[in-house]
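Have a look at structure.pdb; it's PDB, C-alpha atoms:
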MODEL        1
ATOM      1  CA  MET A   1      64.663-179.601  68.417
ATOM      2  CA  SER A   2      63.170-177.656  65.539
ATOM      3  CA  ALA A   3      64.949-174.649  64.094
ATOM      4  CA  ASP A   4      61.721-172.679  64.525
ATOM      5  CA  SER A   5      62.441-171.799  68.175
ATOM      6  CA  GLY A   6      61.778-168.116  68.689
ATOM      7  CA  VAL A   7      60.972-167.568  64.986
ATOM      8  CA  ASP A   8      57.744-165.862  63.951
ATOM      9  CA  ILE A   9      56.157-167.838  61.091
ATOM     10  CA  LYS A  10      53.369-166.284  59.061
ATOM     11  CA  PRO A  11      50.071-168.254  58.975
ATOM     12  CA  ALA A  12      50.316-169.096  55.267
ATOM     13  CA  GLU A  13      53.880-170.372  55.671
ATOM     14  CA  LEU A  14      52.927-172.360  58.772
ATOM     15  CA  GLU A  15      50.038-174.004  56.922
ATOM     16  CA  LYS A  16      52.313-174.886  53.997
ATOM     17  CA  ARG A  17      54.906-176.481  56.248
ATOM     18  CA  PHE A  18      52.186-178.245  58.259
ATOM     19  CA  LEU A  19      50.773-179.682  55.028
ATOM     20  CA  ASP A  20      54.232-180.727  53.805
ATOM     21  CA  LEU A  21      54.813-182.531  57.096
ATOM     22  CA  CYS A  22      51.557-184.464  56.655
ATOM     23  CA  GLU A  23      52.420-185.363  53.074
ATOM     24  CA  ARG A  24      55.800-186.749  54.132
ATOM     25  CA  ASN A  25      54.116-188.983  56.719
ATOM     26  CA  PRO A  26      51.373-191.068  55.013
ATOM     27  CA  ASN A  27      50.395-192.692  58.326
ATOM     28  CA  GLY A  28      49.657-189.286  59.812
ATOM     29  CA  ILE A  29      51.258-186.972  62.360
ATOM     30  CA  SER A  30      50.293-186.630  66.001
ATOM     31  CA  ASP A  31      50.162-183.549  68.235
ATOM     32  CA  ASP A  32      53.530-184.617  69.645
ATOM     33  CA  ASP A  33      55.011-184.613  66.134
ATOM     34  CA  ILE A  34      53.607-181.126  65.509
ATOM     35  CA  LYS A  35      54.964-179.790  68.807
ATOM     36  CA  SER A  36      58.373-181.224  68.010
ATOM     37  CA  GLU A  37      58.439-179.848  64.460
ATOM     38  CA  PHE A  38      57.140-176.401  65.414
ATOM     39  CA  SER A  39      58.416-176.125  68.972
ATOM     40  CA  GLY A  40      58.893-172.360  68.778
ATOM     41  CA  VAL A  41      55.401-171.703  67.432
ATOM     42  CA  PRO A  42      52.688-170.785  69.956
ATOM     43  CA  ALA A  43      50.072-173.483  70.519
ATOM     44  CA  GLN A  44      47.235-171.229  69.331
ATOM     45  CA  ASP A  45      49.010-170.686  66.006
ATOM     46  CA  ARG A  46      49.479-174.431  65.506
ATOM     47  CA  VAL A  47      45.804-175.030  66.281
ATOM     48  CA  ALA A  48      44.777-172.235  63.900
ATOM     49  CA  ALA A  49      46.879-173.769  61.093
ATOM     50  CA  ALA A  50      45.374-177.224  61.672
ATOM     51  CA  ASN A  51      41.805-175.870  61.728
ATOM     52  CA  SER A  52      42.392-173.869  58.567
ATOM     53  CA  LEU A  53      43.719-176.912  56.696
ATOM     54  CA  LEU A  54      40.822-179.011  57.989
ATOM     55  CA  ALA A  55      38.331-176.416  56.780
ATOM     56  CA  GLN A  56      40.006-176.428  53.359
ATOM     57  CA  GLY A  57      39.837-180.207  53.294
ATOM     58  CA  ARG A  58      43.604-180.523  52.814
ATOM     59  CA  ILE A  59      44.021-182.704  55.883
ATOM     60  CA  LYS A  60      41.728-185.002  57.823
ATOM     61  CA  ILE A  61      41.753-186.470  61.303
ATOM     62  CA  LEU A  62      42.234-190.136  62.110
ATOM     63  CA  LYS A  63      41.564-191.383  65.607
ATOM     64  CA  GLN A  64      43.652-194.306  66.799
ATOM     65  CA  GLY A  65      42.830-195.222  70.362
ATOM     66  CA  ALA A  66      42.926-192.018  72.403
ATOM     67  CA  LYS A  67      45.252-190.183  70.010
ATOM     68  CA  LEU A  68      44.419-188.027  67.001
ATOM     69  CA  PHE A  69      46.484-188.061  63.823
ATOM     70  CA  TYR A  70      46.399-185.596  60.941
ATOM     71  CA  THR A  71      46.716-187.092  57.447
ATOM     72  CA  TYR A  72      47.305-185.533  54.049
ATOM     73  CA  VAL A  73      44.483-185.236  51.518
ATOM     74  CA  GLN A  74      45.114-184.932  47.784
ATOM     75  CA  GLN A  75      43.995-181.593  46.348
ATOM     76  CA  GLU A  76      41.407-183.121  43.989
ATOM     77  CA  GLU A  77      39.862-185.011  46.901
ATOM     78  CA  ALA A  78      39.971-181.989  49.183
ATOM     79  CA  ALA A  79      37.127-180.207  47.371
ATOM     80  CA  LYS A  80      34.471-182.533  48.786
ATOM     81  CA  PHE A  81      35.682-181.970  52.366
ATOM     82  CA  ARG A  82      36.004-178.200  52.097
ATOM     83  CA  GLY A  83      33.984-176.354  54.713
ATOM     84  CA  LEU A  84      33.413-179.333  57.006
ATOM     85  CA  THR A  85      33.984-178.907  60.731
ATOM     86  CA  VAL A  86      36.345-180.999  62.811
ATOM     87  CA  GLU A  87      33.313-182.871  64.184
ATOM     88  CA  ASP A  88      32.007-183.576  60.673
ATOM     89  CA  LEU A  89      35.373-184.975  59.620
ATOM     90  CA  LEU A  90      35.614-187.114  62.738
ATOM     91  CA  VAL A  91      32.203-188.648  62.024
ATOM     92  CA  TYR A  92      33.198-189.229  58.396
ATOM     93  CA  GLN A  93      36.364-190.986  59.500
ATOM     94  CA  VAL A  94      34.476-193.394  61.796
ATOM     95  CA  ILE A  95      32.064-194.271  58.984
ATOM     96  CA  GLU A  96      34.940-194.649  56.519
ATOM     97  CA  GLN A  97      36.671-197.130  58.814
ATOM     98  CA  GLY A  98      33.513-199.263  58.783
ATOM     99  CA  GLY A  99      33.915-199.883  55.053
ATOM    100  CA  GLU A 100      31.015-201.711  53.408
ATOM    101  CA  ASN A 101      29.700-202.707  56.840
ATOM    102  CA  GLY A 102      29.416-199.049  57.809
ATOM    103  CA  ALA A 103      28.635-197.916  61.342
ATOM    104  CA  TRP A 104      25.424-197.269  63.227
ATOM    105  CA  SER A 105      24.782-194.102  65.217
ATOM    106  CA  ARG A 106      25.627-195.499  68.670
ATOM    107  CA  GLU A 107      28.937-196.868  67.394
ATOM    108  CA  ILE A 108      29.771-193.522  65.775
ATOM    109  CA  ARG A 109      28.899-191.624  68.962
ATOM    110  CA  LEU A 110      31.099-193.875  71.128
ATOM    111  CA  LYS A 111      34.075-193.722  68.773
ATOM    112  CA  SER A 112      33.855-189.982  68.142
ATOM    113  CA  ASN A 113      32.953-188.972  71.735
ATOM    114  CA  LEU A 114      30.392-186.515  70.334
ATOM    115  CA  GLN A 115      27.128-185.558  71.962
ATOM    116  CA  GLN A 116      23.997-186.855  70.232
ATOM    117  CA  ASN A 117      22.863-183.422  68.997
ATOM    118  CA  GLN A 118      26.274-182.720  67.436
ATOM    119  CA  LEU A 119      26.365-186.206  65.893
ATOM    120  CA  THR A 120      22.908-185.721  64.380
ATOM    121  CA  LYS A 121      23.984-182.365  62.949
ATOM    122  CA  SER A 122      27.182-183.792  61.415
ATOM    123  CA  LEU A 123      25.341-186.759  59.887
ATOM    124  CA  LYS A 124      22.851-184.403  58.225
ATOM    125  CA  VAL A 125      25.695-182.313  56.806
ATOM    126  CA  LEU A 126      27.522-185.373  55.468
ATOM    127  CA  GLU A 127      24.330-186.782  53.928
ATOM    128  CA  SER A 128      23.468-183.452  52.292
ATOM    129  CA  ARG A 129      26.981-183.312  50.802
ATOM    130  CA  ARG A 130      26.494-186.884  49.495
ATOM    131  CA  LEU A 131      29.538-188.056  51.398
ATOM    132  CA  VAL A 132      27.657-190.699  53.387
ATOM    133  CA  LYS A 133      24.281-192.402  53.138
ATOM    134  CA  SER A 134      22.074-194.385  55.478
ATOM    135  CA  VAL A 135      20.830-197.887  54.711
ATOM    136  CA  LYS A 136      18.405-200.087  56.592
ATOM    137  CA  SER A 137      19.912-203.311  57.851
ATOM    138  CA  ILE A 138      18.045-206.610  58.125
ATOM    139  CA  THR A 139      17.841-205.953  61.886
ATOM    140  CA  ASN A 140      15.941-202.694  61.172
ATOM    141  CA  ARG A 141      18.937-200.691  62.343
ATOM    142  CA  LYS A 142      19.984-197.592  60.394
ATOM    143  CA  VAL A 143      23.596-197.963  59.267
ATOM    144  CA  TYR A 144      25.754-195.247  57.698
ATOM    145  CA  ILE A 145      28.278-196.022  54.959
ATOM    146  CA  LEU A 146      30.261-193.922  52.490
ATOM    147  CA  PHE A 147      28.077-192.676  49.667
ATOM    148  CA  ASN A 148      30.056-194.409  46.912
ATOM    149  CA  LEU A 149      29.979-197.847  48.591
ATOM    150  CA  GLU A 150      27.412-200.606  48.409
ATOM    151  CA  PRO A 151      26.486-202.141  51.772
ATOM    152  CA  SER A 152      27.699-205.653  52.515
ATOM    153  CA  ARG A 153      25.379-208.647  52.338
ATOM    154  CA  GLU A 154      25.655-208.949  56.114
ATOM    155  CA  ILE A 155      23.885-205.591  56.303
ATOM    156  CA  THR A 156      21.294-205.976  53.541
ATOM    157  CA  GLY A 157      20.647-209.714  53.867
ATOM    158  CA  GLY A 158      21.709-210.341  50.280
ATOM    159  CA  ALA A 159      19.515-211.127  47.300
ATOM    160  CA  TRP A 160      16.593-212.439  49.360
ATOM    161  CA  TYR A 161      15.930-209.151  51.116
ATOM    162  CA  SER A 162      14.484-205.878  49.856
ATOM    163  CA  ASP A 163      13.918-202.531  51.549
ATOM    164  CA  GLN A 164      10.749-203.960  53.058
ATOM    165  CA  GLY A 165      12.501-206.985  54.585
ATOM    166  CA  PHE A 166      12.582-210.618  53.532
ATOM    167  CA  ASP A 167      11.270-210.880  49.949
ATOM    168  CA  LEU A 168       9.052-213.945  50.266
ATOM    169  CA  GLU A 169       7.458-213.605  46.814
ATOM    170  CA  PHE A 170      10.796-213.428  45.002
ATOM    171  CA  THR A 171      12.175-216.331  47.030
ATOM    172  CA  GLU A 172       9.175-218.553  46.258
ATOM    173  CA  VAL A 173       9.388-217.780  42.519
ATOM    174  CA  MET A 174      13.072-218.733  42.495
ATOM    175  CA  GLN A 175      12.388-221.927  44.471
ATOM    176  CA  LYS A 176       9.717-223.003  41.972
ATOM    177  CA  GLN A 177      11.997-222.376  38.994
ATOM    178  CA  CYS A 178      14.856-224.225  40.624
ATOM    179  CA  LEU A 179      12.653-227.202  41.555
ATOM    180  CA  SER A 180      11.151-227.293  38.060
ATOM    181  CA  LEU A 181      14.619-227.523  36.503
ATOM    182  CA  ILE A 182      15.655-230.345  38.832
ATOM    183  CA  GLN A 183      12.434-232.274  38.186
ATOM    184  CA  ASN A 184      12.785-231.903  34.406
ATOM    185  CA  LYS A 185      16.495-232.710  34.220
ATOM    186  CA  GLY A 186      16.525-235.501  36.782
ATOM    187  CA  VAL A 187      19.955-234.831  38.251
ATOM    188  CA  VAL A 188      21.706-231.446  38.096
ATOM    189  CA  GLY A 189      24.649-229.689  39.692
ATOM    190  CA  LEU A 190      24.750-226.257  41.291
ATOM    191  CA  ASP A 191      26.481-224.796  38.225
ATOM    192  CA  ASP A 192      23.619-226.053  36.044
ATOM    193  CA  ILE A 193      21.105-224.303  38.281
ATOM    194  CA  ALA A 194      23.123-221.091  38.299
ATOM    195  CA  GLN A 195      23.472-221.068  34.506
ATOM    196  CA  PHE A 196      19.762-221.724  34.002
ATOM    197  CA  ILE A 197      18.686-218.892  36.333
ATOM    198  CA  ARG A 198      21.197-216.408  34.910
ATOM    199  CA  THR A 199      20.437-217.085  31.242
ATOM    200  CA  SER A 200      16.675-217.218  31.711
ATOM    201  CA  GLY A 201      16.482-213.647  32.947
ATOM    202  CA  ILE A 202      14.062-214.661  35.702
ATOM    203  CA  SER A 203      15.978-212.765  38.350
ATOM    204  CA  LYS A 204      16.604-209.062  38.004
ATOM    205  CA  VAL A 205      18.936-209.285  40.991
ATOM    206  CA  GLU A 206      22.548-210.378  40.587
ATOM    207  CA  LEU A 207      22.860-213.728  42.324
ATOM    208  CA  ARG A 208      26.101-215.204  43.599
ATOM    209  CA  GLN A 209      27.047-218.843  43.896
ATOM    210  CA  GLU A 210      26.204-218.828  47.600
ATOM    211  CA  ASP A 211      22.715-217.531  46.765
ATOM    212  CA  PHE A 212      22.070-220.551  44.550
ATOM    213  CA  GLN A 213      23.408-222.834  47.262
ATOM    214  CA  MET A 214      21.056-221.257  49.791
ATOM    215  CA  LEU A 215      18.166-221.689  47.354
ATOM    216  CA  VAL A 216      18.857-225.400  46.906
ATOM    217  CA  ASP A 217      19.368-225.854  50.651
ATOM    218  CA  THR A 218      15.868-224.515  51.349
ATOM    219  CA  LEU A 219      14.449-227.110  48.938
ATOM    220  CA  ILE A 220      16.422-229.818  50.736
ATOM    221  CA  TYR A 221      15.115-228.666  54.117
ATOM    222  CA  ASP A 222      11.575-228.730  52.699
ATOM    223  CA  GLY A 223      12.088-232.349  51.645
ATOM    224  CA  LYS A 224      11.627-231.570  47.942
ATOM    225  CA  VAL A 225      15.211-232.142  46.830
ATOM    226  CA  GLU A 226      18.027-234.383  47.982
ATOM    227  CA  ALA A 227      21.779-234.130  47.523
ATOM    228  CA  ILE A 228      23.783-236.897  45.869
ATOM    229  CA  ARG A 229      27.497-237.009  46.576
ATOM    230  CA  GLU A 230      29.740-238.740  44.076
ATOM    231  CA  PRO A 231      32.921-239.935  45.855
ATOM    232  CA  GLY A 232      34.677-240.640  42.568
ATOM    233  CA  ALA A 233      34.008-237.249  41.020
ATOM    234  CA  MET A 234      35.858-234.270  42.426
ATOM    235  CA  SER A 235      34.701-230.678  42.295
ATOM    236  CA  SER A 236      36.880-227.614  41.822
ATOM    237  CA  ARG A 237      37.083-227.394  45.617
ATOM    238  CA  ASP A 238      38.740-230.834  45.830
ATOM    239  CA  GLY A 239      35.742-232.444  47.489
ATOM    240  CA  PRO A 240      33.087-234.906  46.331
ATOM    241  CA  ARG A 241      30.932-233.379  43.626
ATOM    242  CA  VAL A 242      27.383-232.801  44.796
ATOM    243  CA  GLN A 243      24.388-233.064  42.514
ATOM    244  CA  TYR A 244      20.717-232.717  43.233
ATOM    245  CA  ARG A 245      17.562-234.621  42.324
ATOM    246  CA  ALA A 246      13.912-234.251  43.177
ATOM    247  CA  VAL A 247      12.335-236.327  45.944
ATOM    248  CA  HIS A 248       9.281-238.271  44.747
ATOM    249  CA  TYR A 249       6.849-239.327  47.435
ATOM    250  CA  PRO A 250       5.051-242.675  46.913
ATOM    251  CA  LEU A 251       1.741-241.088  47.914
ATOM    252  CA  PRO A 252       0.615-237.498  47.584
ATOM    253  CA  GLU A 253       0.740-235.595  50.836
ATOM    254  CA  ASN A 254      -2.544-234.483  52.353
ATOM    255  CA  GLY A 255      -4.037-233.731  55.741
ATOM    256  CA  LEU A 256      -5.321-237.264  56.301
ATOM    257  CA  SER A 257      -1.878-238.792  55.785
ATOM    258  CA  GLU A 258      -0.699-237.010  58.921
ATOM    259  CA  VAL A 259      -3.534-238.424  61.097
ATOM    260  CA  PRO A 260      -3.021-241.895  62.711
ATOM    261  CA  CYS A 261      -5.709-244.556  62.275
ATOM    262  CA  GLY A 262      -8.359-244.497  65.006
ATOM    263  CA  THR A 263      -8.190-248.280  65.363
ATOM    264  CA  CYS A 264      -4.385-248.448  65.488
ATOM    265  CA  GLN A 265      -3.469-250.396  68.646
ATOM    266  CA  VAL A 266       0.012-248.903  68.662
ATOM    267  CA  GLU A 267      -1.377-245.374  68.689
ATOM    268  CA  MET A 268      -4.001-246.225  71.324
ATOM    269  CA  ASN A 269      -1.641-247.994  73.694
ATOM    270  CA  GLN A 270       1.417-245.769  73.294
ATOM    271  CA  PRO A 271       0.245-242.286  72.283
ATOM    272  CA  PHE A 272       3.636-240.692  72.859
ATOM    273  CA  LEU A 273       5.694-242.862  70.523
ATOM    274  CA  SER A 274       7.670-240.968  67.947
ATOM    275  CA  TYR A 275       6.842-241.161  64.272
ATOM    276  CA  LEU A 276       9.882-243.380  63.708
ATOM    277  CA  ASP A 277       8.862-245.746  66.535
ATOM    278  CA  VAL A 278       5.345-246.103  65.120
ATOM    279  CA  THR A 279       6.684-246.792  61.621
ATOM    280  CA  LEU A 280       8.985-249.540  62.925
ATOM    281  CA  ALA A 281       6.219-251.066  65.042
ATOM    282  CA  LEU A 282       3.866-251.331  62.081
ATOM    283  CA  ARG A 283       6.376-253.204  59.952
TER     284      ARG A 283
ENDMDL
END
Have the structure of the file written as structure tokens, please.
Amino acid sequence: MSADSGVDIKPAELEKRFLDLCERNPNGISDDDIKSEFSGVPAQDRVAAANSLLAQGRIKILKQGAKLFYTYVQQEEAAKFRGLTVEDLLVYQVIEQGGENGAWSREIRLKSNLQQNQLTKSLKVLESRRLVKSVKSITNRKVYILFNLEPSREITGGAWYSDQGFDLEFTEVMQKQCLSLIQNKGVVGLDDIAQFIRTSGISKVELRQEDFQMLVDTLIYDGKVEAIREPGAMSSRDGPRVQYRAVHYPLPENGLSEVPCGTCQVEMNQPFLSYLDVTLALR
């Protein structure tokens, strides 16, 4: 039982003690903790103290399940939250929990239990204060993240996507440069490709190792490059080292090469044979 039973505490003193209680509990304090600590203080006074500290930005609300927790905010950080409503702070907290993946409006509305008009209002306030920003995901969904964060590659699609969607022109340029290197060098590793692209200054976008792997994979799927695994040579990942070389076709590809001969008995008698079956039959 708190020693505050039956004691009249002035608002400023109540706010100070409320703030001290939050600071002593980094994981936050619940309404039950507040009632226990200030058992003799009328509920309206406790609510007034909490709302005043929220408005000053000295505390913020965290929602865990169905319960609300009040957490301490450092004074230098409090300035950017000053003047925000409880609803604004609740929306901010949901977006903050999303990290670099952020949260989209329906997710925010469900987690905050706010009506759509109030959610829209809070999002506008937070955007105008440069606390959050909206980004367009590769699924054309508007996602909100903290203003100082960069969205994850799962949201933006990585280096091969721009604000307008999949960047086909950029991807084709990078494929041509990668293929040209492989054709000129004969056999190259992924690190060789990465070093060539980075030092050439061709790409103005920062590419990661997985981006180069994806680039080479597209060339493999197109039948222009093949992977060579060397069982005796180990990579840094303790697996067979993989290198790449260009695929050279014996004849240039053209439209006629895809059309079967009109006099081919195999084609005439068995029109539904697969390409592999026809090739074997002609041997």
Need the axis-aligned box for stretch 10-26 of chain A with 4 Å each side, so what are the centre and edges in Å to one decimal, as lines of an AutoDock Vina configuration file?
center_x = 52.9
center_y = -178.7
center_z = 56.1
size_x = 13.8
size_y = 32.8
size_z = 14.0
query = Just how far from atom CA of A:Ser137 is atom CA of A:Tyr221, in Å to one decimal?
reply =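 Computed distance, atom CA of A:Tyr221 to atom CA of A:Ser137, equals 26.1 Å.
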inquiry  = For this structure, which residues satisfy the selection - the PyMOL selection byres ((chain A and resi 103) around 8) - when it is evaluated on the file as given? I want them as number ranges by chain.
reply    = A: 94-95, 98, 101-102, 104-105, 107-108, 143-145
Using the selection just defined, write its residues with C-alpha atoms as an mmCIF file, in the frame of the given file.
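Dumped to part-v9.cif:
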data_model
loop_
_atom_site.group_PDB
_atom_site.id
_atom_site.type_symbol
_atom_site.label_atom_id
_atom_site.label_comp_id
_atom_site.auth_asym_id
_atom_site.auth_seq_id
_atom_site.Cartn_x
_atom_site.Cartn_y
_atom_site.Cartn_z
ATOM 1 C CA VAL A 94 34.476 -193.394 61.796
ATOM 2 C CA ILE A 95 32.064 -194.271 58.984
ATOM 3 C CA GLY A 98 33.513 -199.263 58.783
ATOM 4 C CA ASN A 101 29.700 -202.707 56.840
ATOM 5 C CA GLY A 102 29.416 -199.049 57.809
ATOM 6 C CA TRP A 104 25.424 -197.269 63.227
ATOM 7 C CA SER A 105 24.782 -194.102 65.217
ATOM 8 C CA GLU A 107 28.937 -196.868 67.394
ATOM 9 C CA ILE A 108 29.771 -193.522 65.775
ATOM 10 C CA VAL A 143 23.596 -197.963 59.267
ATOM 11 C CA TYR A 144 25.754 -195.247 57.698
ATOM 12 C CA ILE A 145 28.278 -196.022 54.959
#
ask   = Between A:Thr218, A:Gln195, A:Ser122, A:Asn140, which is the closest to A:Leu179 once you count all atoms listed in the file?
value =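 Selected residue with least distance to A:Leu179: A:Thr218.
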Neighbour residues at most 10 Å from (36.6, -192.0, 72.0) (only C-alpha atoms) as number ranges by chain = A: 63-67, 108-114
request  = Report as a PyMOL selection string the full result of the PyMOL selection byres ((chain A and resi 85) around 9) when it is applied to this structure.
outcome  = chain A and resi 51+54-55+82-84+86-90+122
message = Starting from the PyMOL selection byres ((chain A and resi 165) around 12), expand the selection into actual residues of this file and give them as a PyMOL selection string.
response = chain A and resi 136-141+155-164+166-170
message = If I take atom CA of A:Asp45 and atom CA of A:Phe69, how far is one from the other in Å, to one decimal?
response =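 Computing the Euclidean distance for atom CA of A:Asp45 and atom CA of A:Phe69 yields 17.7 Å.
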key: Length of the atom CA of A:Tyr92 to atom CA of A:Glu76 vector [Å]   =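 Rounded to one decimal, the two atoms are 17.7 Å apart.
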task = Show which residues sit within 12 Å of A:Phe18, as a ChimeraX atom specification. Count all atoms listed in the file, and ignore same-chain residues fewer than 6 positions away.
result = /A:9,11-12,24-25,28-31,33-38,41,45-54,58-59,70-72
inquiry  = Report as a list of chain:residue names all protein, DNA and RNA residues lying within 12 Å of A:Gln177, evaluated on only C-alpha atoms, omitting residues in the same chain fewer than 4 positions from it.
reply    =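 Answer for this query is A:Phe170, A:Thr171, A:Glu172, A:Val173, A:Leu181, A:Ile182, A:Gln183, A:Asn184, A:Ile193, A:Ala194, A:Phe196, A:Ile197, A:Arg198, A:Ser200, A:Gly201, A:Ile202, A:Ser203, A:Phe212, A:Leu215, A:Val216, A:Leu219.
Candidate residues A:Met214, A:Val125, A:Leu131, A:Val187 were compared for distance to A:Val247, and the nearest is A:Val187, using only C-alpha atoms.
Considering only C-alpha atoms, the residue among A:Met174, A:Ala43, A:Val135, A:Ala79 positioned nearest to A:Arg153 is A:Val135.
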